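Asks: I have a structure here, written as structure tokens, and I will follow up with some questions on it.
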Amino acid sequence: MTDIAQVYINWGRMVVECPHDGCLDAREVQPGQASEVCAAGHPLTVQWPDDIAQILAVLGERPQERTRNWFPQGHSAALRSGQPHGQTVTELREEARAQEEASVDRAEQARALLAGLGLEFDPVTGIVKGL
């Protein structure tokens, strides 16, 4: 018997987990791959979302690999780790926009903190001036 393994995206990699009870194996898969066998020898049928190309395109626009994640609705890995799941392409874009805004806010807060200490960060060189 072949188990169904849903593709999810982790740090930009396409991954499937073996859904066989007690098996903890996860495998990276390639686009369009139809099957895989886990380390314990369980045959897997790889289930791809219909909009995988759009999901990968949106995630690929994110500058940091650690933010290139997506899980199908109700995926066990997302549920275990408290991650969003079942996001649409539109929701992924909104999430990226929010992450970018938060990043800009943190950078502005850091600049203000340094300025309060009489220091300045040069983002081109990575050097803090005024030490």
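The chains in the structure tokens are called A, B, ... from first to last as shown; in each chain the residues are counted from 1, and the ligands are counted from 1 in the order shown.
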Identify all residues of stretch 5-129 of chain A in strand (DSSP E) (DSSP on the backbone) and supply them as a PyMOL selection string.

Replies: chain A and resi 5-6+8-10+13-17+26-28+35-37+43-47+120-122+127-129

Asks: Tell me which protein, DNA and RNA residues are within 6 Å of stretch 112-120 of chain A, counting only C-alpha atoms, leaving out same-chain ones fewer than 6 positions away, and put them as a list in words.

Replies: Val128, Lys129 and Gly130 of chain A

Asks: Keeping N, CA, C and O atoms, export the residues of the selection given above as a tab-separated table (two decimals), in the first residue's frame.

Replies:
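Writing the result to result.tsv gives the following:
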chain	number	residue	atom	x	y	z
A	128	VAL	N	29.81	50.25	12.10
A	128	VAL	CA	29.19	51.22	13.00
A	128	VAL	C	30.21	52.34	13.17
A	128	VAL	O	31.35	52.11	13.59
A	129	LYS	N	29.78	53.56	12.82
A	129	LYS	CA	30.67	54.72	12.91
A	129	LYS	C	30.46	55.43	14.24
A	129	LYS	O	29.35	55.45	14.76
A	130	GLY	N	31.51	55.99	14.74
A	130	GLY	CA	31.43	56.77	15.96
A	130	GLY	C	31.96	56.02	17.17
A	130	GLY	O	31.79	56.48	18.29
